[in-house]
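K.L.:
Once you've had a glance at the structure underneath, I'll fire off some questions.
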Amino acid sequence: MFDYARPKSLNETFALLREMPDARLLSGGTDLLVNLRGGRAATPLVIDLKRVADLEAGITQREGWLRVGAGTVMTDLAADDHVRDRFPSLVGAALVVGSVQIRNRATLAGNVCNASPAADTAPPLLIHDAVVELAGSAGLRRVELSQFFLGPGRTALQPGELVAAIELPIPGGPLGTAFARMTRRRGVDLATVSLCCSVSATGVTRFAFGAVGPRPFGVTDDTGILADPAGDPALQDEALRRLTGHASPLSNVRASREYREAMLLVLGRRALEAARQRLREAHLAGT
Amino acid sequence: MPGRELRVGLGVNGEQRNIEVSVEQTLLEVLRDQVGLTGTKECCAVGECGACTVMLDGRAVNSCLVLAVEADGAQVTTIEGLTARDGLSPLQDAFVRHGAVQCGFCTPGMVVAAHALLTTTLRPTMAEIREGLSGNLCRCGCYNQICDAVAEVAGLVAAPAR
């Protein structure tokens with residue numbers, strides 16, 4: 001059994017968290033309510049953040065950064081013109097979260113805080129070097145997303161802190177990215193394997209993997225081998241295997257470890273090809 | 001054991017209501033058990049099947065994943081609110097004519113999801129219709145009939161011969 005609070009300010013929220021350290025923060029609720037009602041989570045207090053006036057829900061740009069306020073739902077993230085233009089893989093990932101109904105409630109910040117190894121938006125956020133802005137009674141601090149995920153359901157959030165926004169540096173030069181995801185069925189399923197690939201004009205290829213380890217994580221090839229569209233396929237596959245080799249998938253209800261490893265390579269090849277293609281298109285478009 | 005009670009103001013199908021709810025109750029439970037609108041169905045209760053779909057401030061949501069207290073001050077539209085006073089809405093009528101209603105359990109959620117789709121996307125493609133309804137399961141398997149019914153209302157296909 002839980003109580004419910006609806007603070008109007010961050011200070012009020014911090015006071016509630018001090019008083020009740022085991023309180024859970026409610027944003028979209030698409031994970032939290034399932035867990036609370038299914039008995040997999042228990043809390044004396046649910047703190048609804050949706051009416052906190054100083055916790056913005058909008059998407060803004062300033063000084064080379066895109067800022068996604070904690071209350072921003074997936075539907076609005078995916079519909080934002082600037083996000084669509086500069087972060088198409090993040091849009092792709094946001095649009096496969098749950099269903100229309102889920103995306104109308106689920107927030108980007110919630111997806112990150114839930115810290116599922118299979119969080120759909122994590123791979124594109126990692127590729128783009130997303131930074132998480134944490135707010136606490138002592139003030140704000142910024143943590144790189146790659147340092148924010150500690151393990152399944154575990155984050156760098158300290159007691160009394162919450163995520164105020166997620167920020168992404170707007171890419172300085174041409175960048176081709178591709179998001180790929182494998183599920184057992186097309187709608188409303190968690191990823192069996194997910195990944196995002198980016199190829200930069202300077203020859204750096206990056207991958208971020210989801211659902212193949214205790215937390216989503218990124219790897220980099222800065223040799224230029226993978227970025228070269230005319231490169232030796234055998235050498236490229238070897239380089240790709242070196243990157244996917246960092247994955248440590250488990251066997252579970254969705255797939256075996258061996259299947260995940262095999263599919264990671266397949267999705268990796270496809271995403272690499274798509275990312276290189278998009279980089280070519282970006283060059284042609286002169287952006 | 002019920003949780004703490006709170007009074008919430010809810011616009012339900014255009015009618016303003018003040019309802020005493022337990023903070024643990026979902027919007028779905030309040031709509032069915034307190035407001036008495038049983039068109040909205042409970043099925044999976046974990047946001048996977050869409051049977052409980054309602055519109056909350058104009059957007060389709062799973063009412064099983066919304067606490068009633070979260071909806072305080074919001075406007076809710078249920079299947080009852082989409083039903084024409086003198087019979088069926090064009091969408092409901094199309095569902096019937098296309099054989100899209102078999103056991104009927106998913107139908108209210110399907111119709112609400114389809115209505116939400118048609119209010120946000122004026123002329124959806126078949127792919128957009130399928131995507132728009134992908135959060136709604138039909139275990140009788142009438143997906144083609146359902147999509148055809150929505151496509152007819154969207155003006156994509158002609159009505160079947162009667």
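Labels used: A, B, ... for chains in the order of the structure tokens, numbers from 1 for residues in each chain, and numbers from 1 for ligands as shown.
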Could you name the residues that touch stretch 187-191 of chain A at 12 Å or less, counting only C-alpha atoms, but leaving out those on the same chain fewer than 3 positions away, as a VMD selection string?
P.N.:
(chain A and resid 30 93 95 to 103 116 to 123 180 to 184 194 to 195 209 to 212 216 252 to 255 260 263 to 264) or (chain B and resid 46 to 50 130 to 137)
K.L.:
Output N, CA and C atoms of each residue in that selection to a file, as a compact mmCIF listing (two decimals), in the first residue's frame.
P.N.:
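The result, stored in again.txt:
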# COMPACT_ATOMS: atom_id res chain seq x y z
N THR A 30 4.66 4.08 -16.67
CA THR A 30 4.45 2.86 -17.48
C THR A 30 5.32 1.70 -17.00
N ALA A 93 14.29 5.12 -32.00
CA ALA A 93 14.20 4.35 -30.75
C ALA A 93 12.97 4.74 -29.95
N LEU A 95 10.21 5.73 -31.03
CA LEU A 95 8.99 5.25 -31.69
C LEU A 95 8.78 3.74 -31.59
N VAL A 96 9.72 3.03 -31.00
CA VAL A 96 9.48 1.59 -30.80
C VAL A 96 9.25 1.28 -29.32
N VAL A 97 9.24 2.30 -28.48
CA VAL A 97 8.95 2.06 -27.06
C VAL A 97 7.46 1.70 -26.95
N GLY A 98 7.18 0.53 -26.42
CA GLY A 98 5.81 0.12 -26.13
C GLY A 98 4.86 0.28 -27.30
N SER A 99 3.87 1.13 -27.12
CA SER A 99 2.83 1.35 -28.13
C SER A 99 2.49 2.83 -28.12
N VAL A 100 1.57 3.24 -28.96
CA VAL A 100 1.13 4.64 -28.96
C VAL A 100 0.72 5.05 -27.54
N GLN A 101 -0.08 4.18 -26.90
CA GLN A 101 -0.58 4.50 -25.57
C GLN A 101 0.55 4.68 -24.57
N ILE A 102 1.56 3.80 -24.66
CA ILE A 102 2.71 3.88 -23.75
C ILE A 102 3.51 5.15 -24.06
N ARG A 103 3.73 5.42 -25.34
CA ARG A 103 4.57 6.57 -25.71
C ARG A 103 3.91 7.90 -25.36
N SER A 116 16.86 -0.14 -17.47
CA SER A 116 16.77 -1.49 -18.00
C SER A 116 17.94 -1.70 -18.97
N PRO A 117 18.56 -2.89 -18.93
CA PRO A 117 19.61 -3.16 -19.92
C PRO A 117 19.06 -3.05 -21.35
N ALA A 118 17.74 -3.22 -21.49
CA ALA A 118 17.11 -3.21 -22.81
C ALA A 118 16.44 -1.87 -23.12
N ALA A 119 16.69 -0.83 -22.34
CA ALA A 119 16.06 0.48 -22.56
C ALA A 119 16.28 0.91 -24.01
N ASP A 120 15.17 1.13 -24.73
CA ASP A 120 15.28 1.39 -26.17
C ASP A 120 16.05 2.66 -26.50
N THR A 121 15.88 3.69 -25.69
CA THR A 121 16.51 4.96 -26.05
C THR A 121 17.98 5.02 -25.62
N ALA A 122 18.43 4.05 -24.82
CA ALA A 122 19.80 4.13 -24.30
C ALA A 122 20.86 4.08 -25.41
N PRO A 123 20.79 3.15 -26.38
CA PRO A 123 21.86 3.12 -27.39
C PRO A 123 22.02 4.45 -28.17
N ALA A 180 19.04 -0.12 -34.58
CA ALA A 180 18.51 -1.43 -34.97
C ALA A 180 18.06 -2.17 -33.72
N ARG A 181 17.03 -2.93 -33.88
CA ARG A 181 16.45 -3.59 -32.71
C ARG A 181 15.79 -4.89 -33.16
N MET A 182 15.94 -5.91 -32.35
CA MET A 182 15.28 -7.18 -32.65
C MET A 182 14.34 -7.52 -31.50
N THR A 183 13.10 -7.85 -31.85
CA THR A 183 12.12 -8.27 -30.85
C THR A 183 11.45 -9.54 -31.35
N ARG A 184 10.74 -10.23 -30.47
CA ARG A 184 10.07 -11.46 -30.88
C ARG A 184 8.84 -11.14 -31.72
N SER A 194 19.42 -4.70 -29.04
CA SER A 194 19.25 -3.41 -29.70
C SER A 194 20.63 -2.77 -29.81
N LEU A 195 20.78 -1.92 -30.80
CA LEU A 195 22.05 -1.21 -30.91
C LEU A 195 21.87 0.06 -31.72
N PHE A 209 25.34 -0.78 -27.40
CA PHE A 209 24.56 -2.02 -27.39
C PHE A 209 23.57 -2.03 -26.23
N GLY A 210 22.40 -2.61 -26.49
CA GLY A 210 21.40 -2.78 -25.44
C GLY A 210 20.97 -4.24 -25.35
N ALA A 211 20.60 -4.67 -24.15
CA ALA A 211 20.08 -6.02 -23.88
C ALA A 211 21.12 -7.13 -24.05
N VAL A 212 22.40 -6.76 -24.08
CA VAL A 212 23.44 -7.78 -24.20
C VAL A 212 24.48 -7.64 -23.08
N PRO A 216 23.34 -0.92 -20.75
CA PRO A 216 23.68 -0.50 -22.11
C PRO A 216 25.07 0.15 -22.08
N ASN A 252 17.74 -15.74 -21.55
CA ASN A 252 16.50 -15.58 -20.78
C ASN A 252 15.33 -15.93 -21.68
N VAL A 253 14.13 -15.54 -21.24
CA VAL A 253 12.92 -15.94 -21.95
C VAL A 253 12.91 -15.41 -23.39
N ARG A 254 13.61 -14.32 -23.65
CA ARG A 254 13.56 -13.75 -24.98
C ARG A 254 14.54 -14.40 -25.96
N ALA A 255 15.69 -14.82 -25.49
CA ALA A 255 16.66 -15.46 -26.39
C ALA A 255 17.80 -16.05 -25.57
N ARG A 260 21.74 -14.21 -29.08
CA ARG A 260 21.97 -12.76 -28.96
C ARG A 260 23.32 -12.37 -29.56
N MET A 263 23.01 -12.48 -33.31
CA MET A 263 22.17 -11.41 -33.86
C MET A 263 22.81 -10.03 -33.68
N LEU A 264 23.61 -9.89 -32.64
CA LEU A 264 24.31 -8.62 -32.43
C LEU A 264 25.20 -8.32 -33.64
N VAL B 46 -1.27 -4.59 -17.48
CA VAL B 46 0.13 -4.17 -17.47
C VAL B 46 0.50 -3.34 -18.71
N GLY B 47 -0.50 -2.83 -19.40
CA GLY B 47 -0.21 -1.92 -20.50
C GLY B 47 0.24 -2.59 -21.78
N GLU B 48 -0.13 -3.84 -21.96
CA GLU B 48 0.30 -4.53 -23.18
C GLU B 48 -0.82 -4.80 -24.17
N CYS B 49 -2.09 -4.76 -23.73
CA CYS B 49 -3.15 -5.23 -24.63
C CYS B 49 -4.04 -4.12 -25.16
N GLY B 50 -4.10 -2.99 -24.48
CA GLY B 50 -4.88 -1.86 -25.00
C GLY B 50 -6.38 -1.94 -24.78
N ARG B 130 -2.00 0.48 -38.97
CA ARG B 130 -1.48 -0.70 -38.26
C ARG B 130 -0.62 -0.26 -37.08
N GLU B 131 0.24 0.74 -37.30
CA GLU B 131 1.09 1.23 -36.22
C GLU B 131 0.24 1.84 -35.11
N GLY B 132 -0.77 2.61 -35.50
CA GLY B 132 -1.62 3.28 -34.53
C GLY B 132 -2.41 2.31 -33.66
N LEU B 133 -2.65 1.11 -34.18
CA LEU B 133 -3.43 0.12 -33.43
C LEU B 133 -2.54 -0.99 -32.85
N SER B 134 -1.22 -0.84 -32.99
CA SER B 134 -0.35 -1.95 -32.57
C SER B 134 -0.29 -2.11 -31.06
N GLY B 135 -0.84 -1.17 -30.32
CA GLY B 135 -0.91 -1.33 -28.87
C GLY B 135 -2.19 -2.00 -28.41
N ASN B 136 -2.96 -2.51 -29.37
CA ASN B 136 -4.24 -3.16 -29.05
C ASN B 136 -4.24 -4.58 -29.59
N LEU B 137 -4.43 -5.53 -28.68
CA LEU B 137 -4.46 -6.93 -29.11
C LEU B 137 -5.89 -7.39 -29.33
K.L.:
Could you please select, counting only C-alpha atoms, the residues of chain A within 12 Å of chain B and state them as JSON, numbers by chain?
P.N.:
{"A": [1, 2, 3, 4, 5, 6, 26, 27, 28, 29, 30, 31, 32, 33, 34, 35, 36, 37, 38, 43, 44, 45, 46, 47, 48, 49, 50, 51, 73, 75, 76, 79, 95, 96, 97, 98, 99, 100, 101, 102, 103, 104, 105, 106, 185, 186, 187, 188, 189, 190]}
K.L.:
Would you list the contacts of B:Gly39 as a ChimeraX atom specification, taking every protein, DNA or RNA residue within 7 Å and counting only C-alpha atoms, but skipping same-chain residues closer than 6 positions in sequence?
P.N.:
/B:79-80,108
K.L.:
Check the smallest atom-to-atom distance from each of A:Gly58, A:Gly160, A:Gly218, A:Gly64 to A:Ser137 using only C-alpha atoms, then report the winner.
P.N.:
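Checking each of A:Gly58, A:Gly160, A:Gly218, A:Gly64 against A:Ser137, counting only C-alpha atoms, the winner is A:Gly160.
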K.L.:
Please give the complete set of residues from stretch 29-247 of chain A that DSSP, run on the backbone, assigns to helix (DSSP H, G or I), formatted as a PyMOL selection string.
P.N.:
chain A and resi 32-37+49-51+74-79+81-86+88-94+100-103+108-114+122-127+145-148+233-244
K.L.:
In Å, with one decimal, what is the gap from atom CA of A:Asp222 to atom CA of A:Ala262?
P.N.:
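Calculated distance between atom CA of A:Asp222 and atom CA of A:Ala262 is 23.4 Å.
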K.L.:
So how far away is atom CA of A:Ala208 from atom CA of A:Ile127, in Å?
P.N.:
6.1 Å
K.L.:
Would you list the contacts of A:Arg154 as a PyMOL selection string, taking every protein, DNA or RNA residue within 8 Å and counting only C-alpha atoms, but skipping same-chain residues closer than 5 positions in sequence?
P.N.:
chain A and resi 114-115+149
K.L.:
Which residue, B:Ala100, B:Cys106, B:Ala68, B:Val112, has the smallest gap to B:Cys147 when you use only C-alpha atoms?
P.N.:
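Looking at the shortest contact to B:Cys147, the residue is B:Ala100.
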K.L.:
Quick one: of B:Gly58, B:Gly109, B:Gly99, B:Gly9, who's nearest to B:Thr40, counting only C-alpha atoms?
P.N.:
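Between B:Gly58, B:Gly109, B:Gly99, B:Gly9, the residue approaching B:Thr40 most closely is B:Gly109.
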K.L.:
Give me, as a PyMOL selection string, all polymer residues having an atom no more than 9 Å from B:His115, counting only C-alpha atoms and skipping those fewer than 5 positions away in the same chain.
P.N.:
chain B and resi 60+82+91+110+120+150
K.L.:
Using DSSP on the backbone, list every residue of stretch 2-138 of chain A that comes out as strand (DSSP E or B), and give them as a PDB file with C-alpha atoms, in the first residue's frame.
P.N.:
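Now in selection-v1.pdb:
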ATOM      1  CA  ASP A   3       0.460   7.021  -0.286  1.00  0.00           C
ATOM      2  CA  TYR A   4       0.548   9.656  -3.001  1.00  0.00           C
ATOM      3  CA  ALA A   5       2.033  13.145  -3.080  1.00  0.00           C
ATOM      4  CA  ARG A  24       9.385   6.338  -5.574  1.00  0.00           C
ATOM      5  CA  LEU A  25       9.214   9.060  -8.199  1.00  0.00           C
ATOM      6  CA  LEU A  26       6.348   8.841 -10.672  1.00  0.00           C
ATOM      7  CA  LEU A  45       4.991   6.936  -1.032  1.00  0.00           C
ATOM      8  CA  VAL A  46       4.620   7.674  -4.722  1.00  0.00           C
ATOM      9  CA  ILE A  47       5.724  11.213  -5.596  1.00  0.00           C
ATOM     10  CA  ASP A  48       4.067  12.406  -8.788  1.00  0.00           C
ATOM     11  CA  ILE A  59      12.618  20.408 -25.633  1.00  0.00           C
ATOM     12  CA  THR A  60      14.930  23.400 -25.973  1.00  0.00           C
ATOM     13  CA  GLN A  61      18.279  24.267 -27.529  1.00  0.00           C
ATOM     14  CA  ARG A  62      21.029  26.382 -26.107  1.00  0.00           C
ATOM     15  CA  TRP A  65      23.064  21.436 -26.660  1.00  0.00           C
ATOM     16  CA  LEU A  66      19.637  19.907 -27.040  1.00  0.00           C
ATOM     17  CA  ARG A  67      17.866  19.782 -23.707  1.00  0.00           C
ATOM     18  CA  VAL A  68      15.017  17.337 -23.082  1.00  0.00           C
ATOM     19  CA  GLY A  69      13.159  18.205 -19.891  1.00  0.00           C
ATOM     20  CA  VAL A  73       7.068  12.005 -23.284  1.00  0.00           C
ATOM     21  CA  THR A 107       9.160   9.865 -20.581  1.00  0.00           C
ATOM     22  CA  VAL A 131      24.533  13.911 -20.266  1.00  0.00           C
ATOM     23  CA  VAL A 132      22.058  13.518 -17.430  1.00  0.00           C
ATOM     24  CA  GLU A 133      21.336  16.577 -15.310  1.00  0.00           C
ATOM     25  CA  LEU A 134      20.615  15.562 -11.729  1.00  0.00           C
ATOM     26  CA  ALA A 135      18.889  17.867  -9.272  1.00  0.00           C
ATOM     27  CA  GLY A 136      19.153  17.546  -5.517  1.00  0.00           C
TER      28      GLY A 136
END
K.L.:
Find the residue from A:Val193, A:Ala201, A:Ala109, A:Leu126 that sits nearest to A:Leu250; use only C-alpha atoms when measuring.
P.N.:
A:Val193
K.L.:
Do you know which residues are at most 10 Å from A:Leu226 counting only C-alpha atoms, after dropping those on the same chain fewer than 3 positions away, and could you put them as an MDAnalysis selection string?
P.N.:
chainID A and resid 199 203:206 221:223 229:233 235:240 269 272:273 276
K.L.:
So that I have them on file, write out the residues from the current selection with C-alpha atoms, as a short mmCIF file (atom, residue, chain, number, x, y, z; two decimals), in the first residue's frame.
P.N.:
data_model
loop_
_atom_site.label_atom_id
_atom_site.label_comp_id
_atom_site.auth_asym_id
_atom_site.auth_seq_id
_atom_site.Cartn_x
_atom_site.Cartn_y
_atom_site.Cartn_z
CA VAL A 199 29.94 6.89 -38.35
CA GLY A 203 36.35 7.98 -39.67
CA VAL A 204 35.26 7.17 -36.12
CA THR A 205 32.67 4.41 -35.82
CA ARG A 206 30.81 3.95 -32.57
CA ASP A 221 36.52 1.90 -33.51
CA ASP A 222 38.81 4.83 -34.27
CA THR A 223 41.06 2.93 -36.69
CA PRO A 229 32.68 2.03 -47.28
CA ALA A 230 35.25 0.45 -49.64
CA GLY A 231 37.11 -1.44 -46.91
CA ASP A 232 38.00 -5.15 -46.94
CA PRO A 233 34.84 -6.99 -45.73
CA LEU A 235 38.89 -7.05 -42.02
CA GLN A 236 35.75 -5.11 -41.24
CA ASP A 237 34.00 -8.17 -39.89
CA GLU A 238 37.00 -8.86 -37.69
CA ALA A 239 36.88 -5.28 -36.38
CA LEU A 240 33.14 -5.57 -35.79
CA ARG A 269 26.55 -5.17 -39.96
CA LEU A 272 26.97 -0.01 -39.95
CA GLU A 273 25.91 -0.11 -43.60
CA ARG A 276 27.62 4.86 -43.63
#
K.L.:
Can you list, as a PyMOL selection string, every protein, DNA or RNA residue that comes within 10 Å of A:Gly173 when you count only C-alpha atoms, leaving out same-chain residues fewer than 6 positions away?
P.N.:
chain A and resi 200-202+282-283+287
K.L.:
Interatomic distance between atom CA of A:Pro171 and atom CA of A:Val266?
P.N.:
26.9 Å
K.L.:
Which one is closest to A:Val83: A:Pro124, A:Gly151, A:Gly71, A:Gly224? Count only C-alpha atoms.
P.N.:
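Counting only C-alpha atoms, the residue closest to A:Val83 is A:Pro124.
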